[in-house]
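One file, protein.cif, is given below (mmCIF, C-alpha atoms).
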data_final
loop_
_atom_site.label_atom_id
_atom_site.label_comp_id
_atom_site.auth_asym_id
_atom_site.auth_seq_id
_atom_site.Cartn_x
_atom_site.Cartn_y
_atom_site.Cartn_z
CA MET A 12 77.45 138.60 90.28
CA SER A 13 77.45 134.82 90.44
CA LYS A 14 77.93 132.89 93.64
CA TRP A 15 79.34 129.38 93.96
CA PHE A 16 79.00 126.80 96.70
CA ASP A 17 79.43 123.04 97.03
CA ARG A 18 76.49 120.79 97.72
CA GLN A 19 77.04 117.80 100.03
CA LYS A 20 78.07 114.47 98.57
CA ASN A 21 74.83 112.68 99.48
CA SER A 22 72.74 115.14 97.52
CA PHE A 23 74.95 114.62 94.52
CA LEU A 24 74.67 110.85 94.73
CA LYS A 25 70.89 111.08 94.60
CA GLN A 26 70.98 113.12 91.39
CA ARG A 27 73.60 111.21 89.44
CA PRO A 28 72.57 109.60 86.16
CA SER A 29 71.37 106.01 86.45
CA PHE A 30 74.39 104.49 84.72
CA LEU A 31 76.60 105.87 87.49
CA GLN A 32 74.66 104.30 90.37
CA ALA A 33 76.30 100.87 90.26
CA SER A 34 79.76 100.43 91.70
CA SER A 35 82.59 99.07 89.62
CA GLY A 36 83.52 95.41 89.47
CA GLU A 37 86.64 96.04 91.56
CA SER A 38 84.57 97.59 94.35
CA GLU A 39 82.15 94.68 94.33
CA GLN A 40 85.04 92.24 94.47
CA PHE A 41 86.57 94.01 97.46
CA GLU A 42 83.18 94.21 99.17
CA GLN A 43 82.90 90.43 98.88
CA LEU A 44 86.44 90.04 100.22
CA PHE A 45 85.65 92.31 103.17
CA ARG A 46 82.59 90.20 103.99
CA TYR A 47 84.66 87.05 103.63
CA ALA A 48 87.18 88.30 106.19
CA PHE A 49 84.37 89.61 108.39
CA ASN A 50 82.83 86.13 108.65
CA PHE A 51 86.15 84.46 109.46
CA PHE A 52 86.99 86.88 112.27
CA ARG A 53 83.45 86.60 113.61
CA LEU A 54 84.32 83.00 114.54
CA PHE A 55 86.56 84.54 117.21
CA ALA A 56 83.93 87.17 118.22
CA LEU A 57 86.16 89.94 116.82
CA THR A 58 83.52 91.51 114.57
CA PRO A 59 79.90 92.60 115.08
CA GLY A 60 77.04 90.18 114.66
CA GLN A 61 76.07 90.55 111.02
CA MET A 62 77.08 91.86 107.62
CA SER A 63 73.85 91.71 105.65
CA SER A 64 73.35 92.25 101.94
CA GLN A 65 70.99 95.04 100.97
CA LYS A 66 70.09 96.81 97.76
CA GLU A 67 72.77 99.47 98.15
CA GLY A 68 75.41 96.96 99.31
CA PHE A 69 76.56 95.19 102.45
CA VAL A 70 75.76 96.73 105.82
CA VAL A 71 77.58 95.96 109.10
CA ARG A 72 75.36 95.86 112.15
CA ASP A 73 75.37 94.40 115.63
CA THR A 74 72.84 91.80 116.70
CA ARG A 75 71.34 90.79 120.02
CA TRP A 76 72.47 87.18 119.76
CA MET A 77 76.09 88.24 119.19
CA ARG A 78 75.91 90.61 122.15
CA PHE A 79 74.55 87.78 124.29
CA ILE A 80 77.35 85.44 123.21
CA VAL A 81 80.01 88.06 123.94
CA ILE A 82 78.54 88.83 127.38
CA VAL A 83 78.52 85.13 128.27
CA LEU A 84 82.12 84.70 127.08
CA VAL A 85 83.31 87.74 129.03
CA LEU A 86 81.57 86.52 132.19
CA LEU A 87 83.21 83.10 131.82
CA VAL A 88 86.75 84.49 131.49
CA TRP A 89 86.28 86.76 134.51
CA ILE A 90 84.87 83.88 136.56
CA ALA A 91 87.93 81.84 135.56
CA LEU A 92 90.19 84.69 136.65
CA ILE A 93 88.50 84.98 140.05
CA GLU A 94 88.52 81.21 140.49
CA SER A 95 92.26 81.09 139.79
CA PHE A 96 92.87 83.08 143.00
CA GLN A 97 90.94 80.50 145.04
CA VAL A 98 92.89 77.45 143.89
CA HIS A 99 95.33 75.91 146.37
CA ASN A 100 98.71 75.36 144.79
CA ARG A 101 102.37 74.70 145.45
CA THR A 102 103.67 77.28 142.98
CA ALA A 103 106.62 79.38 144.09
CA LEU A 104 105.64 82.85 145.33
CA ILE A 105 107.20 84.93 142.55
CA THR A 106 106.11 82.44 139.87
CA GLY A 107 102.55 82.48 141.23
CA ILE A 108 102.49 86.29 141.16
CA ALA A 109 103.77 86.25 137.57
CA ASN A 110 101.04 83.77 136.59
CA HIS A 111 98.34 85.99 138.08
CA ILE A 112 99.74 89.08 136.33
CA GLN A 113 99.54 87.22 133.03
CA LEU A 114 95.95 86.16 133.66
CA ILE A 115 94.82 89.65 134.68
CA THR A 116 96.31 91.45 131.67
CA ASN A 117 95.11 88.73 129.29
CA THR A 118 91.59 88.89 130.69
CA ILE A 119 91.42 92.66 130.32
CA ALA A 120 92.73 92.50 126.74
CA LEU A 121 90.32 89.69 125.89
CA THR A 122 87.39 91.66 127.30
CA VAL A 123 88.25 94.70 125.19
CA ALA A 124 88.85 92.60 122.07
CA TRP A 125 85.36 91.09 122.39
CA ILE A 126 83.28 94.04 123.60
CA VAL A 127 84.63 96.96 121.55
CA PRO A 128 83.68 95.56 118.10
CA GLN A 129 80.10 95.10 119.27
CA LEU A 130 79.98 98.79 120.20
CA LYS A 131 81.59 100.02 116.98
CA ALA A 132 79.58 98.40 114.22
CA SER A 133 78.91 101.80 112.64
CA GLU A 134 82.64 102.59 112.60
CA LEU A 135 83.42 99.33 110.82
CA GLN A 136 80.69 100.17 108.31
CA ALA A 137 82.31 103.59 107.77
CA ILE A 138 85.67 101.89 107.17
CA LEU A 139 84.12 99.63 104.54
CA GLU A 140 82.47 102.60 102.83
CA GLY A 141 85.79 104.46 102.89
CA TYR A 142 87.51 101.65 101.02
CA LEU A 143 84.70 101.45 98.46
CA VAL A 144 84.59 105.20 97.79
CA ILE A 145 88.37 105.38 97.32
CA ASP A 146 88.33 102.39 94.98
CA ARG A 147 85.49 103.85 92.94
CA GLU A 148 87.27 107.16 92.53
CA LEU A 149 90.65 105.59 91.73
CA SER A 150 89.02 103.31 89.16
CA SER A 151 88.40 106.30 86.87
CA TYR A 152 92.15 106.53 86.23
CA LYS A 153 94.45 104.17 84.38
CA LEU A 154 97.05 103.12 86.91
CA PRO A 155 100.02 100.96 85.90
CA ASP A 156 100.56 97.60 87.63
CA VAL A 157 97.67 97.90 90.09
CA THR A 158 97.29 94.81 92.25
CA ARG A 159 94.11 94.06 94.16
CA PRO A 160 93.72 91.93 97.31
CA THR A 161 92.12 88.57 96.61
CA LYS A 162 90.42 85.83 98.60
CA GLY A 163 93.35 83.55 97.84
CA SER A 164 95.92 85.86 99.45
CA PHE A 165 93.65 86.37 102.46
CA LEU A 166 93.08 82.63 102.91
CA PHE A 167 96.81 81.96 102.68
CA ARG A 168 97.57 84.51 105.40
CA PHE A 169 94.69 83.35 107.57
CA ALA A 170 95.63 79.68 107.23
CA LEU A 171 99.28 80.44 108.00
CA VAL A 172 98.41 82.33 111.20
CA LEU A 173 95.87 79.71 112.26
CA LEU A 174 98.34 76.88 111.63
CA GLY A 175 101.01 78.53 113.76
CA LEU A 176 98.56 79.13 116.62
CA THR A 177 97.23 75.57 116.39
CA LEU A 178 100.71 74.03 116.58
CA LEU A 179 101.70 76.14 119.58
CA VAL A 180 98.44 75.45 121.43
CA ALA A 181 98.76 71.72 120.71
CA TYR A 182 102.32 71.66 122.05
CA ASP A 183 101.18 73.66 125.09
CA GLY A 184 98.56 70.98 125.76
CA PHE A 185 101.17 68.25 125.39
CA VAL A 186 103.47 69.93 127.92
CA SER A 187 100.63 70.77 130.31
CA PHE A 188 98.80 67.44 130.35
CA GLY A 189 101.57 65.03 129.37
CA LYS A 190 103.28 65.23 132.74
CA SER A 191 102.33 64.30 136.29
CA HIS A 192 101.85 67.98 137.14
CA SER A 193 98.90 69.27 135.11
CA PRO A 194 96.52 72.23 135.50
CA PRO A 195 92.73 72.04 135.62
CA GLU A 196 91.26 72.07 132.14
CA TRP A 197 89.44 75.36 132.71
CA TYR A 198 92.66 77.00 133.88
CA TRP A 199 94.51 75.84 130.78
CA LEU A 200 91.71 77.17 128.55
CA ALA A 201 91.85 80.49 130.42
CA THR A 202 95.47 80.84 129.30
CA GLN A 203 94.96 79.70 125.70
CA VAL A 204 91.83 81.60 124.64
CA PRO A 205 93.37 85.07 125.21
CA PHE A 206 96.53 84.00 123.37
CA VAL A 207 94.58 82.95 120.26
CA VAL A 208 92.04 85.82 120.27
CA GLN A 209 94.71 88.48 120.77
CA ALA A 210 96.75 87.13 117.88
CA MET A 211 93.71 87.05 115.59
CA GLY A 212 92.74 90.58 116.67
CA ILE A 213 96.17 91.90 115.73
CA PHE A 214 95.94 89.99 112.45
CA HIS A 215 92.58 91.64 111.74
CA ALA A 216 94.12 95.08 112.28
CA PHE A 217 97.14 94.10 110.17
CA LEU A 218 94.85 93.07 107.33
CA LEU A 219 92.86 96.31 107.26
CA ILE A 220 96.00 98.45 107.48
CA SER A 221 97.64 96.43 104.68
CA TRP A 222 94.60 97.18 102.50
CA LEU A 223 95.03 100.85 103.36
CA HIS A 224 98.69 100.57 102.40
CA GLU A 225 97.67 99.31 98.96
CA ARG A 226 95.41 102.34 98.51
CA PHE A 227 98.30 104.64 99.39
CA GLN A 228 100.44 102.88 96.80
CA HIS A 229 97.74 103.36 94.15
CA LEU A 230 97.36 107.00 95.12
CA ASN A 231 101.10 107.57 94.92
CA ALA A 232 101.15 106.00 91.46
CA LEU A 233 98.34 108.34 90.43
CA VAL A 234 100.01 111.47 91.81
CA GLU A 235 103.37 110.54 90.30
CA GLN A 236 101.74 109.94 86.94
CA TYR A 237 99.93 113.28 87.15
CA TYR A 238 103.15 115.05 88.12
CA ARG A 239 105.18 113.56 85.28
CA GLN A 240 102.80 113.24 82.34
CA GLY A 241 99.28 114.22 83.32
CA LEU A 242 96.31 111.99 83.98
CA ASP A 243 95.00 109.23 81.78
CA PHE A 244 91.36 108.41 82.35
CA SER A 245 89.95 104.96 81.89
CA THR A 246 87.08 104.25 79.53
CA LYS A 247 84.73 103.44 82.42
CA LYS A 248 81.76 105.67 83.07
CA VAL A 249 82.79 106.83 86.49
CA ALA A 250 81.85 110.07 88.17
CA ILE A 251 83.88 111.54 90.98
CA ALA A 252 81.36 112.10 93.74
CA PHE A 253 83.18 114.74 95.70
CA ALA A 254 80.94 117.76 95.29
CA THR A 255 78.73 119.30 92.66
CA PRO A 256 79.37 122.91 91.69
CA ILE A 257 76.05 124.76 91.70
CA LYS A 258 75.69 128.21 90.25
CA LEU A 259 73.34 130.78 91.78
CA THR A 260 72.60 133.81 89.65
CA ASP A 261 71.74 137.13 91.27
CA GLY A 262 68.14 137.32 92.33
CA SER A 263 67.58 133.60 91.97
CA SER A 264 66.19 131.68 94.91
CA HIS A 265 66.67 128.23 93.39
CA ALA A 266 69.77 126.46 92.13
CA ASN A 267 69.77 124.87 88.72
CA VAL A 268 71.73 121.62 88.94
CA VAL A 269 73.13 120.44 85.64
CA LEU A 270 74.63 116.95 85.51
CA ASP A 271 76.19 115.88 82.28
CA GLY A 272 75.90 112.14 81.60
CA THR A 273 78.77 112.16 79.14
CA PRO A 274 81.35 109.49 79.99
CA ASN A 275 84.54 110.78 81.62
CA ARG A 276 83.04 114.21 82.25
CA ARG A 277 84.99 115.67 85.19
CA GLU A 278 83.17 117.98 87.57
CA LEU A 279 86.33 119.18 89.30
CA ALA A 280 89.82 120.14 88.20
CA ASP A 281 92.28 117.27 88.15
CA ASP A 282 94.41 118.49 91.02
CA LEU A 283 91.39 119.11 93.24
CA GLN A 284 90.10 115.62 92.48
CA ILE A 285 93.42 114.16 93.57
CA LEU A 286 93.38 116.20 96.76
CA ALA A 287 89.88 114.94 97.46
CA ILE A 288 91.04 111.31 97.15
CA VAL A 289 93.99 112.11 99.43
CA SER A 290 91.58 113.57 101.97
CA ARG A 291 89.43 110.44 101.92
CA THR A 292 92.47 108.19 102.35
CA ILE A 293 93.70 110.17 105.35
CA ASP A 294 90.21 110.07 106.84
CA LEU A 295 90.10 106.28 106.38
CA ALA A 296 93.42 105.92 108.24
CA GLN A 297 92.02 107.92 111.14
CA LYS A 298 88.90 105.73 111.26
CA ILE A 299 91.01 102.56 111.40
CA GLU A 300 93.10 104.05 114.20
CA SER A 301 89.98 104.95 116.16
CA TYR A 302 88.42 101.52 115.65
CA PHE A 303 91.47 99.52 116.79
CA GLY A 304 92.82 101.96 119.40
CA PRO A 305 91.48 100.13 122.49
CA LEU A 306 92.67 96.80 121.07
CA PHE A 307 96.18 98.15 120.47
CA LEU A 308 96.47 99.50 124.02
CA THR A 309 95.27 96.43 125.92
CA VAL A 310 96.71 93.72 123.68
CA TYR A 311 100.18 95.28 123.54
CA THR A 312 100.13 95.66 127.32
CA ALA A 313 99.22 91.98 127.65
CA LEU A 314 101.84 90.90 125.10
CA PHE A 315 104.52 92.90 126.91
CA THR A 316 103.54 91.35 130.25
CA VAL A 317 103.41 87.77 128.97
CA THR A 318 106.72 88.11 127.10
CA THR A 319 108.40 89.47 130.25
CA VAL A 320 107.04 86.65 132.42
CA GLN A 321 107.97 83.95 129.90
CA SER A 322 111.49 85.41 129.71
CA TYR A 323 111.64 85.05 133.50
CA TYR A 324 110.59 81.41 133.15
CA CYS A 325 113.35 80.87 130.62
CA TYR A 326 115.83 82.29 133.13
CA LEU A 327 114.61 79.84 135.74
CA HIS A 328 114.98 76.93 133.31
CA LEU A 329 118.47 77.91 132.24
CA ASN A 330 119.48 78.43 135.85
CA ALA A 331 118.49 74.91 136.91
CA ILE A 332 116.66 72.23 134.90
CA ASP A 333 114.63 70.18 137.39
CA GLU A 334 111.64 68.23 136.11
CA ARG A 335 110.36 67.57 139.63
CA ARG A 336 109.85 71.31 140.05
CA GLY A 337 108.40 71.83 136.58
CA LEU A 338 111.64 73.06 134.99
CA SER A 339 111.83 70.64 132.07
CA VAL A 340 113.29 70.96 128.61
CA GLU A 341 109.77 70.72 127.14
CA SER A 342 108.50 73.63 129.22
CA LEU A 343 111.60 75.65 128.27
CA ILE A 344 110.78 75.09 124.59
CA LEU A 345 107.17 76.09 125.31
CA SER A 346 108.20 79.37 126.94
CA GLY A 347 110.57 80.06 124.06
CA GLY A 348 107.78 79.36 121.55
CA ILE A 349 105.42 81.74 123.34
CA ILE A 350 108.10 84.45 123.30
CA VAL A 351 108.73 83.97 119.56
CA ALA A 352 104.98 84.05 118.80
CA ASN A 353 104.55 87.22 120.86
CA ILE A 354 107.52 88.88 119.15
CA ILE A 355 106.03 88.11 115.73
CA THR A 356 102.70 89.55 116.85
CA ILE A 357 104.35 92.64 118.33
CA VAL A 358 106.52 93.36 115.28
CA ALA A 359 103.93 92.64 112.57
CA LEU A 360 101.80 95.69 113.26
CA PRO A 361 104.64 98.26 113.44
CA PHE A 362 105.96 96.77 110.19
CA ILE A 363 102.80 97.53 108.20
CA CYS A 364 102.25 100.85 109.99
CA GLU A 365 105.76 101.95 109.07
CA ARG A 366 105.07 101.08 105.43
CA VAL A 367 101.92 103.20 105.47
CA GLU A 368 103.86 106.05 107.01
CA GLN A 369 106.55 105.78 104.34
CA GLU A 370 103.94 105.86 101.58
CA SER A 371 102.33 108.92 103.16
CA LYS A 372 105.71 110.68 103.25
CA LEU A 373 106.20 109.88 99.58
CA LEU A 374 102.74 111.26 98.86
CA MET A 375 103.58 114.44 100.74
CA SER A 376 106.71 114.79 98.60
CA PHE A 377 104.74 114.51 95.35
CA LEU A 378 102.08 116.96 96.54
CA SER A 379 104.75 119.45 97.54
CA LYS A 380 106.24 119.24 94.05
CA LEU A 381 102.79 119.70 92.52
CA SER A 382 102.12 122.74 94.66
CA MET A 383 105.24 124.42 93.29
CA ARG A 384 104.18 124.02 89.67
CA PRO A 385 102.84 127.29 88.24
CA GLY A 386 99.11 127.43 87.69
CA GLN A 387 98.29 124.58 90.04
CA GLN A 388 95.07 125.07 92.02
CA ALA A 389 96.48 122.75 94.68
CA GLN A 390 98.98 125.40 95.80
CA HIS A 391 96.63 126.85 98.39
CA SER A 392 95.99 123.42 99.91
CA SER A 393 99.60 122.26 100.03
CA ILE A 394 100.33 123.55 103.54
CA TRP A 395 97.45 121.93 105.41
CA PHE A 396 97.60 118.73 103.36
CA SER A 397 101.28 118.31 104.24
CA ASN A 398 100.41 118.57 107.91
CA LEU A 399 97.63 115.99 107.57
CA ILE A 400 99.76 113.53 105.65
CA ALA A 401 102.59 113.87 108.16
CA SER A 402 100.12 112.73 110.86
CA VAL A 403 99.19 109.45 109.14
CA ARG A 404 100.28 107.30 112.05
CA PHE A 405 98.54 104.75 114.20
CA SER A 406 98.50 104.99 117.97
CA ALA A 407 97.01 103.15 120.92
CA LEU A 408 94.51 105.84 121.98
CA GLY A 409 97.41 108.31 122.02
CA PHE A 410 99.39 106.45 124.71
CA PHE A 411 102.07 105.30 122.24
CA THR A 412 102.56 105.23 118.49
CA ILE A 413 102.59 101.92 116.64
CA ASN A 414 105.97 102.05 114.88
CA TYR A 415 109.52 100.82 115.25
CA ASN A 416 110.28 103.44 117.89
CA MET A 417 107.77 101.67 120.14
CA LEU A 418 109.83 98.47 119.98
CA SER A 419 112.86 100.06 121.64
CA GLY A 420 110.66 101.12 124.55
CA LEU A 421 109.22 97.62 124.84
CA VAL A 422 112.67 96.04 124.89
CA ALA A 423 113.89 98.47 127.54
CA GLY A 424 110.81 97.84 129.68
CA LEU A 425 111.12 94.07 129.25
CA VAL A 426 114.75 94.06 130.39
CA THR A 427 113.92 96.30 133.37
CA TYR A 428 111.07 94.18 134.66
CA LEU A 429 112.97 90.96 133.98
CA ILE A 430 115.73 92.21 136.25
CA ILE A 431 113.10 93.06 138.90
CA PHE A 432 111.66 89.52 138.69
CA ILE A 433 115.13 88.01 139.04
CA GLN A 434 115.93 90.22 142.03
CA PHE A 435 112.70 89.29 143.79
CA ASN A 436 113.36 85.62 143.07
CA SER A 437 116.74 85.88 144.78
CA MET A 438 115.22 87.77 147.74
CA VAL A 439 112.36 85.28 148.17
CA PRO A 440 113.88 81.93 147.18
CA ALA A 441 111.50 79.10 146.39
CA GLY A 442 111.30 76.02 148.61
CA LYS A 443 112.43 72.61 147.50
CA GLU A 444 108.85 71.43 146.97
CA ASP A 445 107.66 74.56 145.13
CA LEU A 446 106.77 74.37 141.44
CA HIS A 447 107.87 76.73 138.67
CA MET A 448 105.46 75.73 135.89
CA ALA A 449 103.66 78.35 133.84
CA ARG A 450 100.73 76.04 133.13
CA SER A 451 100.67 73.89 136.27
CA LYS A 452 98.98 74.57 139.58
CA TYR A 453 99.50 71.33 141.51
CA PRO A 454 100.08 67.61 140.96
CA ARG A 455 97.34 65.57 139.34
CA HIS A 456 96.72 63.34 142.37
CA GLU A 457 96.29 66.42 144.62
CA ARG A 458 93.90 68.00 142.13
CA ASP A 459 91.81 64.84 141.97
CA SER A 460 91.62 64.59 145.75
CA ASP A 461 90.50 68.22 146.01
CA TYR A 462 87.62 67.72 143.54
CA SER A 463 86.57 64.31 144.91
#

As structure tokens, the full file:
Amino acid sequence: MSKWFDRQKNSFLKQRPSFLQASSGESEQFEQLFRYAFNFFRLFALTPGQMSSQKEGFVVRDTRWMRFIVIVLVLLVWIALIESFQVHNRTALITGIANHIQLITNTIALTVAWIVPQLKASELQAILEGYLVIDRELSSYKLPDVTRPTKGSFLFRFALVLLGLTLLVAYDGFVSFGKSHSPPEWYWLATQVPFVVQAMGIFHAFLLISWLHERFQHLNALVEQYYRQGLDFSTKKVAIAFATPIKLTDGSSHANVVLDGTPNRRELADDLQILAIVSRTIDLAQKIESYFGPLFLTVYTALFTVTTVQSYYCYLHLNAIDERRGLSVESLILSGGIIVANIITIVALPFICERVEQESKLLMSFLSKLSMRPGQQAQHSSIWFSNLIASVRFSALGFFTINYNMLSGLVAGLVTYLIIFIQFNSMVPAGKEDLHMARSKYPRHERDSDYS
């Protein structure tokens, strides 16, 4: 009696015919795009040290020089945090506490955003390989209206985000240094660097999840086409590298592997091939969640804290505009701009995560319909695949899920802590000479006398 078992994917890749070794043009194009984005985000120390080109493709790896740079940067921001507690200032008590809370949460988030990527170079490499494998397997089917991410679309998004950050930072500098009350330069930098790096870190996650969303759309188009009219294979010579069936005859101690080099020869049934692609897509989503989990937790905590504190500053401005105490119209606009920027950053990620979740629900619907068709081999896998697809969500290390439901909790928490700040401000009123500036520590002439 014959026995059947599946050999691992790596073994199959080694024995494929030579014309199947090279990846498709679409995969190579995406690999170049991934490297392009990698290099841009490396400018902000948000990716590992190097993405080198090798014979089999690009490889992500960490480097000693990048580790050294990150360690130096982290030490500098923590020194700035400690130094901020030693500075003599005339800031009102509650405002000073709020400033320190902002600095602490921003420093923690900045530390995680810089250190974690250096420790997870292998995970980023696995994410890249996941994209490439899915693209290679989807390329063997003719999908209608398939759009691919391009360098142009990435550059447009990157330039738009960078322009917004640059304008806000420039206006922050104008408000901070254009008045008689100005902070030390190092203190101002300690508030701006976390703001920029956190925004770029969230944009990096948004970009990778948006690419995953496109794969889910392609997969849904494939499953819908298979459900309605069957599959239509492309003319490319593509082999699905899921597993190789190997037949063992009774009494045989060796397996005879037969690989047919005929174009479009399918080693697995169509429905099982689709399920295999679904499995890889779900696995890729889990890898992205694991890679960005620490960033989500710390950055969202910092964004929540800063938005709450800036809302408190807006309350102080609206309550009494007094330029002598730092409550000017310019600083009110600055606090409002920071709040708007933080809201955009907070909402952007749940927006794309919700779209991925909706696509996964649609995929579950199609697979459920396929499982009910008579003669489908996918029937036995429908139950556990439905459970997996239902869990395609992104969370911050399990503390909270990144979706629209999270926003209601953030709003409730913001209102609660804003009320607490206002109550404490009424219980501990500021003196007539106290300052209420988010970016100012003391007047310029006092600062100069201290450092002279």

Translate the PyMOL selection byres ((chain A and resi 113-124) around 9) into a concrete residue list for this structure, as a count of residues only. 38

Skip Glu134 of chain A itself and residues of its chain fewer than 5 positions away, then list as a ChimeraX atom specification all residues within 12 Å of it, counting only C-alpha atoms. /A:58-59,70-73,127-129,139-141,295,297-303

Hey, can I get the axis-aligned box for segment 84-88 of chain A? All listed atoms, 4 Å padding on each side, centre and edge lengths in Å to one decimal, as JSON.
{"center_x": 84.2, "center_y": 85.4, "center_z": 129.6, "size_x": 13.2, "size_y": 12.6, "size_z": 13.1}

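Distance-wise, atom CA of Gly175 of chain A and atom CA of Trp197 of chain A end up 22.4 Å apart.
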
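Once Phe55 of chain A and its same-chain neighbours fewer than 3 positions away are set aside, Phe51, Phe52, Val208 and Met211 of chain A remain within 8 Å of it when counting all atoms listed in the file.
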
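Of the residues under consideration (A:Glu67, A:Leu327, A:Phe315, A:Phe410), A:Leu327 shows the shortest atom-to-atom contact distance to Ser339 of chain A when counting all atoms listed in the file.
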
Result set, the PyMOL selection byres ((chain A and resi 226) around 12) on current file, as a PyMOL selection string: chain A and resi 141-150+154+157-160+219-225+227-233+288-289+291-293+295-296+366-367+370-371+374

For the selection you just gave me, I'd like the residues written to a file as a PDB file, in the frame of the given file, keeping C-alpha atoms.
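And here is the file that came out, again.pdb:
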ATOM      1  CA  GLY A 141      85.790 104.460 102.890  1.00  0.00           C
ATOM      2  CA  TYR A 142      87.510 101.650 101.020  1.00  0.00           C
ATOM      3  CA  LEU A 143      84.700 101.450  98.460  1.00  0.00           C
ATOM      4  CA  VAL A 144      84.590 105.200  97.790  1.00  0.00           C
ATOM      5  CA  ILE A 145      88.370 105.380  97.320  1.00  0.00           C
ATOM      6  CA  ASP A 146      88.330 102.390  94.980  1.00  0.00           C
ATOM      7  CA  ARG A 147      85.490 103.850  92.940  1.00  0.00           C
ATOM      8  CA  GLU A 148      87.270 107.160  92.530  1.00  0.00           C
ATOM      9  CA  LEU A 149      90.650 105.590  91.730  1.00  0.00           C
ATOM     10  CA  SER A 150      89.020 103.310  89.160  1.00  0.00           C
ATOM     11  CA  LEU A 154      97.050 103.120  86.910  1.00  0.00           C
ATOM     12  CA  VAL A 157      97.670  97.900  90.090  1.00  0.00           C
ATOM     13  CA  THR A 158      97.290  94.810  92.250  1.00  0.00           C
ATOM     14  CA  ARG A 159      94.110  94.060  94.160  1.00  0.00           C
ATOM     15  CA  PRO A 160      93.720  91.930  97.310  1.00  0.00           C
ATOM     16  CA  LEU A 219      92.860  96.310 107.260  1.00  0.00           C
ATOM     17  CA  ILE A 220      96.000  98.450 107.480  1.00  0.00           C
ATOM     18  CA  SER A 221      97.640  96.430 104.680  1.00  0.00           C
ATOM     19  CA  TRP A 222      94.600  97.180 102.500  1.00  0.00           C
ATOM     20  CA  LEU A 223      95.030 100.850 103.360  1.00  0.00           C
ATOM     21  CA  HIS A 224      98.690 100.570 102.400  1.00  0.00           C
ATOM     22  CA  GLU A 225      97.670  99.310  98.960  1.00  0.00           C
ATOM     23  CA  PHE A 227      98.300 104.640  99.390  1.00  0.00           C
ATOM     24  CA  GLN A 228     100.440 102.880  96.800  1.00  0.00           C
ATOM     25  CA  HIS A 229      97.740 103.360  94.150  1.00  0.00           C
ATOM     26  CA  LEU A 230      97.360 107.000  95.120  1.00  0.00           C
ATOM     27  CA  ASN A 231     101.100 107.570  94.920  1.00  0.00           C
ATOM     28  CA  ALA A 232     101.150 106.000  91.460  1.00  0.00           C
ATOM     29  CA  LEU A 233      98.340 108.340  90.430  1.00  0.00           C
ATOM     30  CA  ILE A 288      91.040 111.310  97.150  1.00  0.00           C
ATOM     31  CA  VAL A 289      93.990 112.110  99.430  1.00  0.00           C
ATOM     32  CA  ARG A 291      89.430 110.440 101.920  1.00  0.00           C
ATOM     33  CA  THR A 292      92.470 108.190 102.350  1.00  0.00           C
ATOM     34  CA  ILE A 293      93.700 110.170 105.350  1.00  0.00           C
ATOM     35  CA  LEU A 295      90.100 106.280 106.380  1.00  0.00           C
ATOM     36  CA  ALA A 296      93.420 105.920 108.240  1.00  0.00           C
ATOM     37  CA  ARG A 366     105.070 101.080 105.430  1.00  0.00           C
ATOM     38  CA  VAL A 367     101.920 103.200 105.470  1.00  0.00           C
ATOM     39  CA  GLU A 370     103.940 105.860 101.580  1.00  0.00           C
ATOM     40  CA  SER A 371     102.330 108.920 103.160  1.00  0.00           C
ATOM     41  CA  LEU A 374     102.740 111.260  98.860  1.00  0.00           C
TER      42      LEU A 374
END

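You will find atom CA of Leu360 of chain A at 5.8 Å from atom CA of Phe217 of chain A.
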
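All polymer residues at most 9 Å from (86.4, 88.1, 100.2), using only C-alpha atoms, appear as Gln40, Phe41, Glu42, Gln43, Leu44, Phe45, Arg46, Tyr47, Ala48, Phe49, Pro160, Thr161, Lys162, Gly163 and Phe165 of chain A.
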
Mind giving me the straight-line distance from atom CA of Ala407 of chain A to atom CA of Glu368 of chain A in Å, one decimal? 15.8 Å

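Taking all atoms listed in the file into account, Phe307 of chain A lies nearest to A:Ile213 out of the set A:Ile213, A:Ala170, A:Leu218, A:Met77.
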
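When only C-alpha atoms are used to measure the gap to Tyr323 of chain A, the shortest distance among A:Ile431, A:Leu408, A:Ile363, A:Val358 belongs to A:Ile431.
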
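Listed by chain and then by number, the residues chosen by the PyMOL selection byres ((chain A and resi 322) around 9) in this file are A:Val317, A:Thr318, A:Thr319, A:Val320, A:Gln321, A:Tyr323, A:Tyr324, A:Cys325, A:Tyr326, A:Leu327, A:Ser346, A:Gly347, A:Ile350, A:Leu425, A:Leu429.
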